[in-house]
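Colleague: Here you go, input_26.csv (CSV, C-alpha atoms):
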chain,number,residue,atom,x,y,z
K,1,MET,CA,83.0,187.2,74.5
K,2,ILE,CA,84.9,190.4,75.4
K,3,LEU,CA,81.9,192.5,76.3
K,4,SER,CA,80.3,190.0,78.7
K,5,GLU,CA,79.6,191.7,82.1
K,6,THR,CA,80.7,195.1,80.7
K,7,GLU,CA,78.4,198.0,81.5
K,8,THR,CA,80.7,200.8,80.4
K,9,LEU,CA,83.0,201.0,77.4
K,10,ILE,CA,85.6,203.8,77.4
K,11,TRP,CA,87.2,204.5,74.1
K,12,ASP,CA,90.4,206.3,73.2
K,13,TRP,CA,90.0,208.5,70.1
K,14,ASN,CA,93.2,209.2,68.1
K,15,GLY,CA,94.5,205.9,66.6
K,16,THR,CA,91.7,203.8,68.1
K,17,LEU,CA,88.5,205.1,66.5
K,18,LEU,CA,90.2,207.7,64.3
K,19,ASP,CA,92.7,206.4,61.7
K,20,ASP,CA,95.2,209.2,62.0
K,21,VAL,CA,98.6,207.5,62.3
K,22,GLU,CA,99.8,208.2,58.7
K,23,VAL,CA,98.8,211.9,59.1
K,24,ASN,CA,100.6,212.0,62.4
K,25,VAL,CA,103.8,210.6,60.9
K,26,LYS,CA,103.5,213.1,58.1
K,27,VAL,CA,103.2,216.0,60.5
K,28,ILE,CA,106.0,214.8,62.7
K,29,ASN,CA,108.3,214.5,59.7
K,30,GLU,CA,107.5,218.0,58.6
K,31,MET,CA,108.6,219.2,62.0
K,32,LEU,CA,111.7,217.0,61.9
K,33,SER,CA,112.6,218.2,58.5
K,34,LYS,CA,112.3,221.8,59.5
K,35,ARG,CA,114.9,221.1,62.3
K,36,ASN,CA,117.2,219.0,60.1
K,37,LEU,CA,116.5,215.9,62.2
K,38,PRO,CA,116.2,212.3,60.9
K,39,LEU,CA,112.7,211.4,59.6
K,40,LEU,CA,110.6,208.5,60.8
K,41,ASP,CA,108.9,205.7,58.9
K,42,ILE,CA,105.6,204.4,60.3
K,43,ASN,CA,107.2,201.2,61.8
K,44,THR,CA,109.7,203.2,63.8
K,45,TYR,CA,107.1,205.7,64.8
K,46,LYS,CA,104.9,202.9,66.2
K,47,GLU,CA,107.8,201.5,68.1
K,48,ILE,CA,108.7,204.8,69.9
K,49,PHE,CA,105.5,206.8,70.3
K,50,CYS,CA,104.7,207.4,73.9
K,51,PHE,CA,103.1,209.6,76.6
K,52,PRO,CA,103.7,212.1,77.8
K,53,VAL,CA,104.2,213.3,74.2
K,54,LYS,CA,107.1,215.5,75.4
K,55,GLN,CA,109.0,212.3,76.1
K,56,PHE,CA,108.3,211.2,72.5
K,57,HIS,CA,109.6,214.5,71.2
K,58,ILE,CA,112.8,214.1,73.2
K,59,ARG,CA,113.2,210.6,71.6
K,60,ILE,CA,113.0,212.0,68.1
K,61,GLY,CA,115.5,214.8,68.8
K,62,ILE,CA,113.5,217.9,69.8
K,63,ASP,CA,115.7,220.1,71.9
K,64,PHE,CA,113.6,221.6,74.8
K,65,GLU,CA,116.5,223.8,75.7
K,66,LYS,CA,115.6,225.8,72.6
K,67,GLU,CA,111.9,225.3,72.3
K,68,SER,CA,109.0,224.8,74.8
K,69,ILE,CA,106.5,222.0,74.8
K,70,GLU,CA,103.8,224.7,74.3
K,71,GLU,CA,105.5,225.9,71.2
K,72,ILE,CA,106.0,222.4,69.8
K,73,SER,CA,102.4,221.4,70.6
K,74,ALA,CA,101.0,224.5,68.9
K,75,GLU,CA,103.1,223.9,65.8
K,76,TYR,CA,101.9,220.3,65.8
K,77,MET,CA,98.3,221.2,66.0
K,78,GLU,CA,98.5,223.8,63.3
K,79,ARG,CA,100.1,221.3,60.9
K,80,TYR,CA,97.7,218.5,61.9
K,81,LYS,CA,94.7,220.7,61.2
K,82,ASN,CA,95.9,221.1,57.6
K,83,TYR,CA,95.3,217.4,57.1
K,84,GLU,CA,92.1,216.9,59.1
K,85,LYS,CA,89.9,216.7,56.0
K,86,ASP,CA,92.0,213.7,54.8
K,87,ILE,CA,91.6,211.7,58.1
K,88,LYS,CA,89.0,208.8,58.2
K,89,LEU,CA,87.6,206.6,60.8
K,90,HIS,CA,88.9,203.0,61.2
K,91,ALA,CA,86.7,200.5,59.3
K,92,ASP,CA,83.2,199.8,60.7
K,93,VAL,CA,83.5,202.3,63.6
K,94,PRO,CA,79.8,203.6,63.3
K,95,PHE,CA,78.5,200.0,63.0
K,96,ILE,CA,80.6,198.9,66.1
K,97,LEU,CA,79.4,201.9,68.2
K,98,ASP,CA,75.8,201.3,67.2
K,99,ALA,CA,76.1,197.5,68.0
K,100,ILE,CA,77.5,198.3,71.4
K,101,ASN,CA,74.8,200.9,72.2
K,102,ALA,CA,72.2,198.3,71.1
K,103,LYS,CA,73.5,196.0,73.9
K,104,GLY,CA,72.7,198.7,76.5
K,105,ILE,CA,76.4,199.4,77.2
K,106,SER,CA,77.2,203.0,77.9
K,107,GLN,CA,80.1,204.5,75.9
K,108,TYR,CA,82.5,207.3,76.6
K,109,ILE,CA,85.5,209.0,75.0
K,110,LEU,CA,88.6,209.5,77.0
K,111,SER,CA,91.3,211.3,75.1
K,112,ALA,CA,94.5,213.3,75.6
K,113,ALA,CA,93.4,215.6,72.7
K,114,GLY,CA,92.1,219.0,73.5
K,115,THR,CA,88.4,219.0,74.3
K,116,ASN,CA,87.4,221.5,71.6
K,117,ASP,CA,89.4,219.7,68.9
K,118,LEU,CA,87.8,216.4,70.0
K,119,LEU,CA,84.3,217.8,69.8
K,120,ARG,CA,84.9,219.3,66.4
K,121,MET,CA,86.1,216.0,65.0
K,122,LEU,CA,83.3,213.9,66.6
K,123,ASP,CA,80.8,216.3,65.1
K,124,ARG,CA,82.4,216.0,61.7
K,125,PHE,CA,81.8,212.3,61.7
K,126,HIS,CA,78.4,212.6,63.3
K,127,LEU,CA,79.4,210.5,66.3
K,128,THR,CA,78.8,212.8,69.2
K,129,ASP,CA,75.4,211.4,70.1
K,130,LYS,CA,76.7,207.9,70.3
K,131,PHE,CA,78.5,208.7,73.6
K,132,LYS,CA,77.2,209.4,77.1
K,133,GLY,CA,80.3,211.6,77.8
K,134,ILE,CA,83.3,213.0,76.0
K,135,TYR,CA,86.4,213.7,78.1
K,136,GLY,CA,89.4,215.5,76.6
K,137,SER,CA,92.2,217.6,77.8
K,138,ASP,CA,92.1,221.3,78.8
K,139,ASN,CA,95.5,221.8,77.0
K,140,ILE,CA,97.3,220.8,73.8
K,141,CYS,CA,100.4,219.3,75.4
K,142,ALA,CA,99.1,215.7,75.6
K,143,THR,CA,100.5,215.0,79.0
K,144,GLY,CA,98.3,211.9,79.7
K,145,LYS,CA,94.9,210.8,80.6
K,146,ILE,CA,94.9,209.3,84.1
K,147,GLY,CA,93.5,212.5,85.8
K,148,ILE,CA,90.9,212.9,83.0
K,149,GLY,CA,89.9,209.3,83.5
K,150,GLN,CA,89.5,209.7,87.3
K,151,ARG,CA,87.2,212.6,86.6
K,152,LEU,CA,85.2,210.5,84.1
K,153,ILE,CA,84.7,207.7,86.6
K,154,LYS,CA,83.7,210.1,89.5
K,155,GLU,CA,81.3,212.3,87.5
K,156,ASN,CA,79.4,209.4,86.1
K,157,SER,CA,79.5,207.2,89.2
K,158,LEU,CA,80.9,204.3,87.2
K,159,TYR,CA,81.9,200.9,88.6
K,160,PRO,CA,85.5,200.2,87.4
K,161,GLU,CA,85.1,196.4,87.7
K,162,LYS,CA,82.2,196.6,85.1
K,163,ALA,CA,84.1,198.9,82.7
K,164,LEU,CA,86.4,198.3,79.8
K,165,ILE,CA,88.9,200.6,78.2
K,166,ILE,CA,89.9,200.2,74.5
K,167,GLY,CA,92.9,202.1,73.3
K,168,ASP,CA,95.9,201.8,71.0
K,169,THR,CA,98.9,202.8,73.1
K,170,LEU,CA,100.9,201.6,76.1
K,171,HIS,CA,99.6,204.6,77.9
K,172,ASP,CA,96.0,203.3,77.6
K,173,ALA,CA,97.2,200.2,79.5
K,174,GLU,CA,98.7,202.5,82.1
K,175,VAL,CA,95.5,204.5,82.4
K,176,ALA,CA,93.5,201.3,82.8
K,177,LYS,CA,95.8,200.0,85.5
K,178,ALA,CA,95.6,203.3,87.4
K,179,LEU,CA,91.8,203.3,87.2
K,180,GLU,CA,91.6,199.5,87.9
K,181,ILE,CA,89.7,198.9,84.7
K,182,LYS,CA,90.1,196.0,82.2
K,183,CYS,CA,91.8,197.0,79.0
K,184,ILE,CA,91.8,195.8,75.4
K,185,LEU,CA,94.5,197.3,73.1
K,186,TYR,CA,94.1,197.7,69.3
K,187,SER,CA,97.2,197.4,67.2
K,188,GLY,CA,96.0,199.5,64.3
K,189,GLY,CA,96.9,202.7,66.0
K,190,HIS,CA,100.0,204.5,67.4
K,191,ASN,CA,101.9,201.5,68.9
K,192,ASN,CA,102.5,198.2,67.3
K,193,TYR,CA,101.2,194.8,68.2
K,194,ASN,CA,104.4,193.5,69.7
K,195,LEU,CA,104.6,196.4,72.2
K,196,LEU,CA,100.9,196.2,73.1
K,197,THR,CA,100.5,192.4,73.5
K,198,ASN,CA,103.1,192.4,76.3
K,199,LYS,CA,100.8,194.7,78.3
K,200,SER,CA,97.3,193.6,77.6
K,201,LYS,CA,94.9,191.5,75.5
K,202,THR,CA,95.5,192.9,72.0
K,203,ILE,CA,93.3,192.8,68.9
K,204,ARG,CA,94.1,193.5,65.3
K,205,ASN,CA,90.5,194.3,64.2
K,206,LEU,CA,88.1,196.5,66.2
K,207,LYS,CA,85.2,194.2,65.3
K,208,ASP,CA,86.8,191.5,67.4
K,209,ILE,CA,85.3,193.1,70.5
K,210,LEU,CA,81.8,192.2,69.3
K,211,PRO,CA,80.2,188.8,69.9
K,212,HIS,CA,80.5,186.6,66.9
Would you mind writing the structure in this file as C-alpha coordinates?
Modeller:
Amino acid sequence: MILSETETLIWDWNGTLLDDVEVNVKVINEMLSKRNLPLLDINTYKEIFCFPVKQFHIRIGIDFEKESIEEISAEYMERYKNYEKDIKLHADVPFILDAINAKGISQYILSAAGTNDLLRMLDRFHLTDKFKGIYGSDNICATGKIGIGQRLIKENSLYPEKALIIGDTLHDAEVAKALEIKCILYSGGHNNYNLLTNKSKTIRNLKDILPH
(Lines of atoms letter the chains of each structure in order from A and count residues from 1; the text may use other names and numbers.)
(Lines give C-alpha, C1' and ligand atoms only; values in the text may rest on other atoms or scores of the structure.)
Protein backbone atom coordinates (compact mmCIF):
# COMPACT_ATOMS: atom_id res chain seq x y z
CA MET A 1 0.00 0.00 0.00
CA ILE A 2 1.85 3.07 -1.28
CA LEU A 3 0.03 5.56 0.94
CA SER A 4 0.60 3.78 4.25
CA GLU A 5 2.25 6.05 6.83
CA THR A 6 1.93 9.01 4.44
CA GLU A 7 0.62 12.24 5.97
CA THR A 8 1.43 14.56 3.06
CA LEU A 9 1.22 14.00 -0.68
CA ILE A 10 3.00 16.50 -2.94
CA TRP A 11 1.90 16.44 -6.57
CA ASP A 12 3.63 17.72 -9.66
CA TRP A 13 1.18 19.34 -12.09
CA ASN A 14 2.21 19.30 -15.77
CA GLY A 15 2.34 15.75 -17.06
CA THR A 16 1.35 14.21 -13.72
CA LEU A 17 -2.16 15.48 -13.07
CA LEU A 18 -2.43 17.46 -16.31
CA ASP A 19 -2.21 15.44 -19.53
CA ASP A 20 -0.33 18.02 -21.60
CA VAL A 21 2.49 16.04 -23.25
CA GLU A 22 0.96 16.03 -26.75
CA VAL A 23 0.30 19.77 -26.58
CA ASN A 24 3.81 20.36 -25.33
CA VAL A 25 5.30 18.43 -28.26
CA LYS A 26 3.08 20.36 -30.67
CA VAL A 27 4.28 23.68 -29.23
CA ILE A 28 7.93 22.64 -29.26
CA ASN A 29 7.64 21.50 -32.88
CA GLU A 30 6.12 24.84 -33.88
CA MET A 31 9.14 26.54 -32.34
CA LEU A 32 11.57 24.13 -34.02
CA SER A 33 9.88 24.53 -37.39
CA LYS A 34 10.15 28.31 -37.12
CA ARG A 35 13.91 27.89 -36.67
CA ASN A 36 14.31 25.19 -39.36
CA LEU A 37 15.35 22.63 -36.77
CA PRO A 38 14.44 18.89 -36.77
CA LEU A 39 11.04 18.09 -35.27
CA LEU A 40 10.42 15.67 -32.39
CA ASP A 41 8.08 12.72 -32.07
CA ILE A 42 6.60 11.99 -28.65
CA ASN A 43 8.93 9.06 -27.94
CA THR A 44 12.03 11.15 -28.62
CA TYR A 45 10.63 14.03 -26.59
CA LYS A 46 10.04 11.77 -23.58
CA GLU A 47 13.59 10.45 -23.87
CA ILE A 48 15.28 13.86 -23.81
CA PHE A 49 13.02 16.22 -21.85
CA CYS A 50 14.80 17.53 -18.75
CA PHE A 51 15.20 20.33 -16.22
CA PRO A 52 16.31 23.02 -16.22
CA VAL A 53 14.27 23.48 -19.38
CA LYS A 54 17.07 25.58 -20.88
CA GLN A 55 19.15 22.39 -21.04
CA PHE A 56 16.32 20.66 -22.93
CA HIS A 57 16.21 23.54 -25.42
CA ILE A 58 19.94 23.19 -25.96
CA ARG A 59 19.45 19.46 -26.65
CA ILE A 60 16.92 20.21 -29.40
CA GLY A 61 19.08 22.83 -31.07
CA ILE A 62 18.03 26.22 -29.69
CA ASP A 63 20.95 28.63 -29.99
CA PHE A 64 21.26 30.76 -26.88
CA GLU A 65 23.93 32.85 -28.53
CA LYS A 66 21.07 34.26 -30.63
CA GLU A 67 18.13 34.13 -28.22
CA SER A 68 17.69 34.36 -24.46
CA ILE A 69 15.95 31.85 -22.23
CA GLU A 70 13.47 34.61 -21.35
CA GLU A 71 12.56 35.09 -25.03
CA ILE A 72 12.24 31.35 -25.63
CA SER A 73 10.12 30.89 -22.49
CA ALA A 74 7.81 33.77 -23.43
CA GLU A 75 7.29 32.34 -26.91
CA TYR A 76 6.63 28.91 -25.47
CA MET A 77 4.00 30.23 -23.04
CA GLU A 78 2.26 32.27 -25.74
CA ARG A 79 1.98 29.22 -27.99
CA TYR A 80 1.03 26.89 -25.12
CA LYS A 81 -1.88 29.12 -24.11
CA ASN A 82 -3.30 28.77 -27.62
CA TYR A 83 -3.97 25.10 -26.83
CA GLU A 84 -4.97 25.31 -23.17
CA LYS A 85 -8.63 24.74 -23.96
CA ASP A 86 -7.73 21.37 -25.53
CA ILE A 87 -5.79 20.04 -22.52
CA LYS A 88 -7.46 17.52 -20.21
CA LEU A 89 -6.62 15.97 -16.88
CA HIS A 90 -5.30 12.44 -16.75
CA ALA A 91 -7.99 9.82 -16.18
CA ASP A 92 -9.63 9.71 -12.75
CA VAL A 93 -7.69 12.67 -11.30
CA PRO A 94 -10.65 14.22 -9.38
CA PHE A 95 -11.60 10.80 -8.00
CA ILE A 96 -8.02 10.09 -6.91
CA LEU A 97 -7.65 13.48 -5.20
CA ASP A 98 -10.96 13.05 -3.39
CA ALA A 99 -10.04 9.51 -2.28
CA ILE A 100 -6.75 10.74 -0.83
CA ASN A 101 -8.39 13.66 0.96
CA ALA A 102 -10.93 11.21 2.41
CA LYS A 103 -8.02 9.34 4.01
CA GLY A 104 -7.00 12.52 5.82
CA ILE A 105 -3.82 13.00 3.78
CA SER A 106 -2.89 16.64 3.09
CA GLN A 107 -2.21 17.39 -0.58
CA TYR A 108 -0.07 20.09 -2.17
CA ILE A 109 0.98 21.11 -5.68
CA LEU A 110 4.69 21.67 -6.36
CA SER A 111 5.30 22.88 -9.91
CA ALA A 112 7.90 24.62 -12.04
CA ALA A 113 5.05 26.38 -13.84
CA GLY A 114 4.43 30.06 -13.10
CA THR A 115 2.16 30.48 -10.10
CA ASN A 116 -0.45 32.56 -11.93
CA ASP A 117 -0.65 30.08 -14.82
CA LEU A 118 -0.91 27.24 -12.33
CA LEU A 119 -3.75 28.88 -10.41
CA ARG A 120 -5.62 29.64 -13.62
CA MET A 121 -5.48 26.03 -14.77
CA LEU A 122 -6.43 24.60 -11.38
CA ASP A 123 -9.43 26.93 -11.24
CA ARG A 124 -10.47 25.84 -14.73
CA PHE A 125 -10.65 22.22 -13.58
CA HIS A 126 -12.24 23.12 -10.21
CA LEU A 127 -9.34 21.52 -8.34
CA THR A 128 -8.02 24.43 -6.28
CA ASP A 129 -9.87 23.58 -3.08
CA LYS A 130 -8.58 20.01 -3.09
CA PHE A 131 -5.10 21.21 -2.07
CA LYS A 132 -3.84 22.73 1.18
CA GLY A 133 -1.19 24.67 -0.74
CA ILE A 134 -0.21 25.46 -4.32
CA TYR A 135 3.44 26.23 -4.98
CA GLY A 136 4.62 27.41 -8.38
CA SER A 137 7.49 29.44 -9.79
CA ASP A 138 7.83 33.21 -9.79
CA ASN A 139 9.13 33.13 -13.39
CA ILE A 140 8.40 31.35 -16.68
CA CYS A 141 11.85 29.87 -17.27
CA ALA A 142 11.22 26.51 -15.52
CA THR A 143 14.62 26.32 -13.87
CA GLY A 144 13.57 23.68 -11.34
CA LYS A 145 11.65 23.02 -8.14
CA ILE A 146 14.08 22.28 -5.31
CA GLY A 147 13.97 25.80 -3.85
CA ILE A 148 10.19 25.93 -4.17
CA GLY A 149 9.94 22.56 -2.45
CA GLN A 150 12.12 23.72 0.43
CA ARG A 151 9.78 26.66 0.94
CA LEU A 152 6.73 24.35 0.84
CA ILE A 153 8.23 22.11 3.54
CA LYS A 154 9.23 25.04 5.76
CA GLU A 155 6.04 27.09 5.47
CA ASN A 156 3.82 24.12 6.27
CA SER A 157 6.06 22.53 8.94
CA LEU A 158 5.95 19.20 7.11
CA TYR A 159 7.78 16.04 8.12
CA PRO A 160 9.72 14.83 5.05
CA GLU A 161 9.77 11.24 6.33
CA LYS A 162 5.96 11.21 6.28
CA ALA A 163 5.59 12.85 2.87
CA LEU A 164 5.45 11.46 -0.67
CA ILE A 165 6.15 13.23 -3.97
CA ILE A 166 4.43 12.06 -7.15
CA GLY A 167 5.85 13.36 -10.42
CA ASP A 168 6.54 12.39 -14.00
CA THR A 169 10.15 13.43 -14.67
CA LEU A 170 13.67 12.64 -13.55
CA HIS A 171 13.71 16.09 -11.97
CA ASP A 172 10.93 15.05 -9.60
CA ALA A 173 13.22 12.28 -8.35
CA GLU A 174 16.00 14.86 -7.92
CA VAL A 175 13.65 17.13 -5.96
CA ALA A 176 12.55 14.26 -3.74
CA LYS A 177 16.16 13.30 -3.02
CA ALA A 178 17.09 16.90 -2.19
CA LEU A 179 14.10 17.21 0.16
CA GLU A 180 14.65 13.72 1.62
CA ILE A 181 11.13 12.66 0.65
CA LYS A 182 9.94 9.37 -0.82
CA CYS A 183 9.00 9.52 -4.50
CA ILE A 184 6.69 7.72 -6.92
CA LEU A 185 7.10 8.48 -10.62
CA TYR A 186 4.29 8.27 -13.20
CA SER A 187 5.24 7.20 -16.72
CA GLY A 188 2.27 8.86 -18.44
CA GLY A 189 3.97 12.27 -18.47
CA HIS A 190 7.07 13.97 -19.84
CA ASN A 191 9.64 11.19 -19.36
CA ASN A 192 9.24 7.55 -20.32
CA TYR A 193 9.02 4.46 -18.12
CA ASN A 194 12.52 3.18 -18.84
CA LEU A 195 14.12 6.45 -17.74
CA LEU A 196 12.01 6.79 -14.63
CA THR A 197 12.18 3.23 -13.34
CA ASN A 198 15.95 3.53 -13.00
CA LYS A 199 15.46 6.33 -10.44
CA SER A 200 12.41 5.45 -8.40
CA LYS A 201 9.36 3.24 -8.03
CA THR A 202 7.35 3.92 -11.20
CA ILE A 203 3.67 3.44 -11.97
CA ARG A 204 1.82 3.41 -15.29
CA ASN A 205 -1.60 4.34 -13.86
CA LEU A 206 -2.21 7.04 -11.26
CA LYS A 207 -4.86 4.90 -9.57
CA ASP A 208 -2.09 2.49 -8.60
CA ILE A 209 -1.23 4.78 -5.69
CA LEU A 210 -4.59 4.00 -4.07
CA PRO A 211 -5.16 0.96 -1.86
CA HIS A 212 -6.92 -1.81 -3.78
Colleague: Between CA of Leu3 in chain K and CA of Leu118 in chain K, what is the distance in Å, rounded to a tenth?
Modeller: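 Straight-line distance from CA of Leu3 in chain K to CA of Leu118 in chain K works out to 25.4 Å.
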Colleague: Report, in Å to a single decimal, how far apart CA of Ala113 in chain K and CA of Pro52 in chain K are.
Modeller: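 Atom-to-atom, CA of Pro52 in chain K to CA of Ala113 in chain K, that is 12.0 Å.
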Colleague: I'd like to know which of K:Lys132, K:Leu119, K:Leu179, K:Ser73 is closest to Lys154 in chain K, using only C-alpha atoms.
Modeller: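 Comparing K:Lys132, K:Leu119, K:Leu179, K:Ser73 against Lys154 in chain K, the winner is K:Leu179.
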Colleague: From the set K:Lys201, K:Lys177, K:His171, K:Lys26, which residue has the shortest atom-to-atom contact distance to Val53 in chain K, counting only C-alpha atoms?
Modeller: K:His171
Colleague: From the options K:Lys54, K:Lys88, K:Arg35, K:Arg124, which residue's atoms come nearest to Asp20 in chain K, counting all atoms listed in the file?
Modeller: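 Ranking K:Lys54, K:Lys88, K:Arg35, K:Arg124 by distance to Asp20 in chain K, first place goes to K:Lys88.
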Colleague: Between K:Lys34, K:His126, K:Lys103, K:Lys81, which has the minimum distance to Thr6 in chain K (counting only C-alpha atoms)?
Modeller: K:Lys103
Colleague: Which is closer to Val93 in chain K than all the others in K:Leu17, K:Leu210, K:Ala176, K:Leu158, using all atoms listed in the file?
Modeller: K:Leu17
Colleague: Using all atoms listed in the file, determine which residues lie at most 12 Å from Pro160 in chain K, disregarding the query and same-chain residues fewer than 2 positions distant; provide the list as a PyMOL selection string.
Modeller: chain K and resi 5-10+149-150+152-154+156-158+162-165+175-183
